[in-house]
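Colleague: Got a file for you: upload-v5.pdb, PDB, C-alpha atoms, pLDDT in the B column.
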```pdb
ATOM      1  CA  MET A  24     -14.625  47.354 210.088  1.00 55.00           C
ATOM      2  CA  GLY A  25     -12.323  50.359 210.097  1.00 71.00           C
ATOM      3  CA  VAL A  26     -11.600  53.136 207.669  1.00 78.00           C
ATOM      4  CA  SER A  27      -8.896  52.464 205.077  1.00 86.00           C
ATOM      5  CA  ARG A  28      -6.135  54.857 204.112  1.00 87.00           C
ATOM      6  CA  ASP A  29      -7.693  55.116 200.632  1.00 92.00           C
ATOM      7  CA  GLN A  30     -10.983  56.254 202.174  1.00 92.00           C
ATOM      8  CA  LEU A  31      -9.166  58.839 204.306  1.00 91.00           C
ATOM      9  CA  THR A  32      -7.316  60.101 201.226  1.00 93.00           C
ATOM     10  CA  GLU A  33     -10.644  60.622 199.441  1.00 93.00           C
ATOM     11  CA  MET A  34     -12.124  62.412 202.459  1.00 92.00           C
ATOM     12  CA  ALA A  35      -9.049  64.614 202.902  1.00 93.00           C
ATOM     13  CA  ALA A  36      -9.348  65.786 199.290  1.00 93.00           C
ATOM     14  CA  LEU A  37     -12.934  67.026 199.732  1.00 91.00           C
ATOM     15  CA  PRO A  38     -13.129  70.771 199.066  1.00 88.00           C
ATOM     16  CA  PRO A  39     -14.063  73.122 201.921  1.00 85.00           C
ATOM     17  CA  SER A  40     -17.793  73.769 202.182  1.00 81.00           C
ATOM     18  CA  ASP A  41     -17.263  77.552 202.158  1.00 80.00           C
ATOM     19  CA  GLU A  42     -14.468  80.120 202.310  1.00 78.00           C
ATOM     20  CA  ASP A  43     -14.379  80.051 206.133  1.00 76.00           C
ATOM     21  CA  ASP A  44     -13.961  76.259 206.262  1.00 76.00           C
ATOM     22  CA  SER A  45     -10.434  74.807 206.395  1.00 79.00           C
ATOM     23  CA  GLY A  46     -11.531  71.445 204.982  1.00 87.00           C
ATOM     24  CA  VAL A  47     -11.241  67.998 206.505  1.00 90.00           C
ATOM     25  CA  GLN A  48      -8.815  67.721 209.428  1.00 92.00           C
ATOM     26  CA  GLY A  49      -8.010  64.858 211.778  1.00 92.00           C
ATOM     27  CA  LEU A  50      -5.360  62.782 213.474  1.00 92.00           C
ATOM     28  CA  PHE A  51      -4.978  59.018 213.560  1.00 90.00           C
ATOM     29  CA  MET A  52      -2.392  57.089 215.534  1.00 88.00           C
ATOM     30  CA  VAL A  53      -1.580  53.957 213.533  1.00 86.00           C
ATOM     31  CA  THR A  54       0.490  51.008 214.715  1.00 83.00           C
ATOM     32  CA  HIS A  55       2.115  48.451 212.471  1.00 79.00           C
ATOM     33  CA  GLU A  56       4.220  45.385 213.238  1.00 81.00           C
ATOM     34  CA  LEU A  57       7.093  46.578 211.020  1.00 81.00           C
ATOM     35  CA  ASP A  58       6.712  50.369 210.891  1.00 78.00           C
ATOM     36  CA  GLY A  59       5.790  50.878 214.541  1.00 83.00           C
ATOM     37  CA  LEU A  60       3.769  53.921 215.554  1.00 88.00           C
ATOM     38  CA  VAL A  61       2.883  56.504 212.895  1.00 89.00           C
ATOM     39  CA  GLU A  62       0.641  59.592 212.936  1.00 91.00           C
ATOM     40  CA  TRP A  63      -1.617  60.150 209.967  1.00 93.00           C
ATOM     41  CA  GLN A  64      -2.315  63.880 209.979  1.00 95.00           C
ATOM     42  CA  ILE A  65      -5.271  64.699 207.758  1.00 95.00           C
ATOM     43  CA  ARG A  66      -4.904  68.321 206.665  1.00 92.00           C
ATOM     44  CA  ASP A  67      -4.256  70.556 203.662  1.00 90.00           C
ATOM     45  CA  GLY A  68      -6.133  68.184 201.347  1.00 92.00           C
ATOM     46  CA  GLY A  69      -4.014  65.095 202.059  1.00 94.00           C
ATOM     47  CA  ILE A  70      -2.530  62.665 204.557  1.00 95.00           C
ATOM     48  CA  HIS A  71       0.838  63.476 206.095  1.00 95.00           C
ATOM     49  CA  ASP A  72       2.786  60.584 207.667  1.00 92.00           C
ATOM     50  CA  VAL A  73       4.735  61.595 210.761  1.00 91.00           C
ATOM     51  CA  PRO A  74       6.713  59.248 213.027  1.00 89.00           C
ATOM     52  CA  GLY A  75       4.838  58.590 216.258  1.00 86.00           C
ATOM     53  CA  ASP A  76       5.921  60.432 219.373  1.00 84.00           C
ATOM     54  CA  GLU A  77       7.492  58.399 222.192  1.00 84.00           C
ATOM     55  CA  ARG A  78       4.748  59.565 224.562  1.00 86.00           C
ATOM     56  CA  HIS A  79       2.311  57.470 222.506  1.00 82.00           C
ATOM     57  CA  GLN A  80       4.433  54.303 222.400  1.00 78.00           C
ATOM     58  CA  TYR A  81       1.998  52.589 224.759  1.00 80.00           C
ATOM     59  CA  LEU A  82      -0.323  52.357 221.709  1.00 74.00           C
ATOM     60  CA  GLY A  83       2.230  50.368 219.682  1.00 67.00           C
ATOM     61  CA  PRO A  84       2.757  46.638 219.425  1.00 65.00           C
ATOM     62  CA  THR A  85       4.270  44.989 222.468  1.00 54.00           C
TER      63      THR A  85
END
```
For this file, write the structure as structure tokens.
Modeller:
Amino acid sequence: MGVSRDQLTEMAALPPSDEDDSGVQGLFMVTHELDGLVEWQIRDGGIHDVPGDERHQYLGPT
């Protein structure tokens, strides 16, 4: 079982543990039959959707 977008949204919103911490950060490459390849960038307290880069198209549906 994978992690849902709702779970990632909750994790992204967690406050930094101290003043030197930048908070939760990560990158997921997500493929979808209709939307194709999308990056979920976890940063700045949220999830930012960015179109997938052509160099990662091999990850998308065939």
Colleague: Which neighbours of Gln80 (chain A) fall inside 10 Å, counting all atoms listed in the file, when residues of the same chain fewer than 6 positions from it are skipped, and could you give them as a list in words?
Modeller: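 These residues fall inside the cut-off: Thr54, Gly59, Leu60 and Val61 of chain A.
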Colleague: Can you tell me how far CA of His79 (chain A) sits from CA of Ala36 (chain A), in Å to one decimal?
Modeller: 27.3 Å
Colleague: Do you know which residues the PyMOL selection byres ((chain A and resi 51) around 9) returns on this file, as a compact mmCIF listing (two decimals) with C-alpha atoms, keeping the file's coordinate frame?
Modeller:
```txt
# COMPACT_ATOMS: atom_id res chain seq x y z
CA GLY A 49 -8.01 64.86 211.78
CA LEU A 50 -5.36 62.78 213.47
CA MET A 52 -2.39 57.09 215.53
CA VAL A 53 -1.58 53.96 213.53
CA VAL A 61 2.88 56.50 212.90
CA GLU A 62 0.64 59.59 212.94
CA TRP A 63 -1.62 60.15 209.97
CA GLN A 64 -2.32 63.88 209.98
CA ILE A 65 -5.27 64.70 207.76
```
Colleague: Tell me, in Å to one decimal, how far CA of Asp58 (chain A) is from CA of Pro74 (chain A).
Modeller: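 According to the coordinates, CA of Asp58 (chain A) and CA of Pro74 (chain A) are separated by 9.1 Å.
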Colleague: Using Å and a single decimal, report how far CA of Leu82 (chain A) sits from CA of Thr32 (chain A).
Modeller: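 Answer for the CA of Thr32 (chain A) to CA of Leu82 (chain A) separation: 23.0 Å.
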Colleague: I need the residue set behind the PyMOL selection byres ((chain A and resi 47) around 6) for this file; please write it as a list of chain:residue names.
Modeller: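 So the PyMOL selection byres ((chain A and resi 47) around 6) ends up selecting A:Ala35, A:Gly46, A:Gln48.
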Colleague: If I only have part of region 51-62 of chain A, can you fill in all heavy atoms and write it as a PDB file, in the frame of the given file?
Modeller:
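Saved as result16.pdb:
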```pdb
ATOM      1  N   PHE A  51      -4.879  60.434 213.243  1.00 90.00           N
ATOM      2  CA  PHE A  51      -4.978  59.018 213.560  1.00 90.00           C
ATOM      3  C   PHE A  51      -3.606  58.537 214.013  1.00 90.00           C
ATOM      4  O   PHE A  51      -2.590  58.859 213.407  1.00 90.00           O
ATOM      5  CB  PHE A  51      -5.397  58.206 212.319  1.00 90.00           C
ATOM      6  CG  PHE A  51      -6.820  58.439 211.902  1.00 90.00           C
ATOM      7  CD1 PHE A  51      -7.157  59.532 211.109  1.00 90.00           C
ATOM      8  CD2 PHE A  51      -7.820  57.571 212.298  1.00 90.00           C
ATOM      9  CE1 PHE A  51      -8.458  59.753 210.726  1.00 90.00           C
ATOM     10  CE2 PHE A  51      -9.133  57.775 211.915  1.00 90.00           C
ATOM     11  CZ  PHE A  51      -9.454  58.868 211.129  1.00 90.00           C
ATOM     12  N   MET A  52      -3.605  57.746 215.071  1.00 88.00           N
ATOM     13  CA  MET A  52      -2.392  57.089 215.534  1.00 88.00           C
ATOM     14  C   MET A  52      -2.486  55.654 215.026  1.00 88.00           C
ATOM     15  O   MET A  52      -3.421  54.924 215.377  1.00 88.00           O
ATOM     16  CB  MET A  52      -2.303  57.104 217.058  1.00 88.00           C
ATOM     17  CG  MET A  52      -2.357  58.502 217.658  1.00 88.00           C
ATOM     18  SD  MET A  52      -1.019  59.585 217.132  1.00 88.00           S
ATOM     19  CE  MET A  52       0.344  58.878 217.991  1.00 88.00           C
ATOM     20  N   VAL A  53      -1.541  55.255 214.181  1.00 86.00           N
ATOM     21  CA  VAL A  53      -1.580  53.957 213.533  1.00 86.00           C
ATOM     22  C   VAL A  53      -0.381  53.141 213.998  1.00 86.00           C
ATOM     23  O   VAL A  53       0.741  53.653 214.040  1.00 86.00           O
ATOM     24  CB  VAL A  53      -1.530  54.125 211.996  1.00 86.00           C
ATOM     25  CG1 VAL A  53      -1.597  52.796 211.299  1.00 86.00           C
ATOM     26  CG2 VAL A  53      -2.642  55.039 211.515  1.00 86.00           C
ATOM     27  N   THR A  54      -0.616  51.885 214.354  1.00 83.00           N
ATOM     28  CA  THR A  54       0.490  51.008 214.715  1.00 83.00           C
ATOM     29  C   THR A  54       0.602  49.889 213.689  1.00 83.00           C
ATOM     30  O   THR A  54      -0.394  49.434 213.129  1.00 83.00           O
ATOM     31  CB  THR A  54       0.296  50.389 216.117  1.00 83.00           C
ATOM     32  OG1 THR A  54      -0.906  49.643 216.139  1.00 83.00           O
ATOM     33  CG2 THR A  54       0.261  51.467 217.179  1.00 83.00           C
ATOM     34  N   HIS A  55       1.840  49.489 213.445  1.00 79.00           N
ATOM     35  CA  HIS A  55       2.115  48.451 212.471  1.00 79.00           C
ATOM     36  C   HIS A  55       3.254  47.600 212.999  1.00 79.00           C
ATOM     37  O   HIS A  55       4.190  48.128 213.627  1.00 79.00           O
ATOM     38  CB  HIS A  55       2.497  49.094 211.126  1.00 79.00           C
ATOM     39  CG  HIS A  55       2.640  48.118 210.018  1.00 79.00           C
ATOM     40  ND1 HIS A  55       3.826  47.484 209.734  1.00 79.00           N
ATOM     41  CD2 HIS A  55       1.735  47.657 209.120  1.00 79.00           C
ATOM     42  CE1 HIS A  55       3.651  46.679 208.700  1.00 79.00           C
ATOM     43  NE2 HIS A  55       2.389  46.768 208.313  1.00 79.00           N
ATOM     44  N   GLU A  56       3.197  46.293 212.735  1.00 81.00           N
ATOM     45  CA  GLU A  56       4.220  45.385 213.238  1.00 81.00           C
ATOM     46  C   GLU A  56       5.621  45.773 212.790  1.00 81.00           C
ATOM     47  O   GLU A  56       6.581  45.648 213.538  1.00 81.00           O
ATOM     48  CB  GLU A  56       3.925  43.956 212.777  1.00 81.00           C
ATOM     49  CG  GLU A  56       2.685  43.357 213.393  1.00 81.00           C
ATOM     50  CD  GLU A  56       2.348  42.008 212.795  1.00 81.00           C
ATOM     51  OE1 GLU A  56       2.889  41.650 211.731  1.00 81.00           O
ATOM     52  OE2 GLU A  56       1.517  41.318 213.391  1.00 81.00           O
ATOM     53  N   LEU A  57       5.769  46.239 211.553  1.00 81.00           N
ATOM     54  CA  LEU A  57       7.093  46.578 211.020  1.00 81.00           C
ATOM     55  C   LEU A  57       7.438  48.060 211.165  1.00 81.00           C
ATOM     56  O   LEU A  57       8.563  48.415 211.481  1.00 81.00           O
ATOM     57  CB  LEU A  57       7.193  46.168 209.544  1.00 81.00           C
ATOM     58  CG  LEU A  57       6.980  44.689 209.247  1.00 81.00           C
ATOM     59  CD1 LEU A  57       7.010  44.434 207.745  1.00 81.00           C
ATOM     60  CD2 LEU A  57       8.022  43.833 209.953  1.00 81.00           C
ATOM     61  N   ASP A  58       6.456  48.925 210.901  1.00 78.00           N
ATOM     62  CA  ASP A  58       6.712  50.369 210.891  1.00 78.00           C
ATOM     63  C   ASP A  58       6.582  51.008 212.263  1.00 78.00           C
ATOM     64  O   ASP A  58       6.979  52.156 212.450  1.00 78.00           O
ATOM     65  CB  ASP A  58       5.763  51.077 209.920  1.00 78.00           C
ATOM     66  CG  ASP A  58       5.959  50.612 208.486  1.00 78.00           C
ATOM     67  OD1 ASP A  58       7.074  50.191 208.148  1.00 78.00           O
ATOM     68  OD2 ASP A  58       4.990  50.667 207.707  1.00 78.00           O
ATOM     69  N   GLY A  59       5.994  50.306 213.210  1.00 83.00           N
ATOM     70  CA  GLY A  59       5.790  50.878 214.541  1.00 83.00           C
ATOM     71  C   GLY A  59       4.665  51.896 214.542  1.00 83.00           C
ATOM     72  O   GLY A  59       3.709  51.795 213.778  1.00 83.00           O
ATOM     73  N   LEU A  60       4.809  52.910 215.376  1.00 88.00           N
ATOM     74  CA  LEU A  60       3.769  53.921 215.554  1.00 88.00           C
ATOM     75  C   LEU A  60       3.952  55.077 214.568  1.00 88.00           C
ATOM     76  O   LEU A  60       5.052  55.613 214.422  1.00 88.00           O
ATOM     77  CB  LEU A  60       3.829  54.454 216.991  1.00 88.00           C
ATOM     78  CG  LEU A  60       2.758  55.436 217.405  1.00 88.00           C
ATOM     79  CD1 LEU A  60       1.392  54.762 217.422  1.00 88.00           C
ATOM     80  CD2 LEU A  60       3.073  55.992 218.784  1.00 88.00           C
ATOM     81  N   VAL A  61       2.869  55.420 213.886  1.00 89.00           N
ATOM     82  CA  VAL A  61       2.883  56.504 212.895  1.00 89.00           C
ATOM     83  C   VAL A  61       1.638  57.363 213.105  1.00 89.00           C
ATOM     84  O   VAL A  61       0.567  56.854 213.421  1.00 89.00           O
ATOM     85  CB  VAL A  61       2.876  55.940 211.453  1.00 89.00           C
ATOM     86  CG1 VAL A  61       2.846  57.056 210.425  1.00 89.00           C
ATOM     87  CG2 VAL A  61       4.067  55.033 211.219  1.00 89.00           C
ATOM     88  N   GLU A  62       1.794  58.679 212.943  1.00 91.00           N
ATOM     89  CA  GLU A  62       0.641  59.592 212.936  1.00 91.00           C
ATOM     90  C   GLU A  62       0.225  59.814 211.493  1.00 91.00           C
ATOM     91  O   GLU A  62       1.061  60.086 210.641  1.00 91.00           O
ATOM     92  CB  GLU A  62       1.014  60.960 213.517  1.00 91.00           C
ATOM     93  CG  GLU A  62       1.245  60.995 214.978  1.00 91.00           C
ATOM     94  CD  GLU A  62       1.545  62.405 215.480  1.00 91.00           C
ATOM     95  OE1 GLU A  62       1.269  63.396 214.749  1.00 91.00           O
ATOM     96  OE2 GLU A  62       2.061  62.521 216.592  1.00 91.00           O
TER      97      GLU A  62
END
```
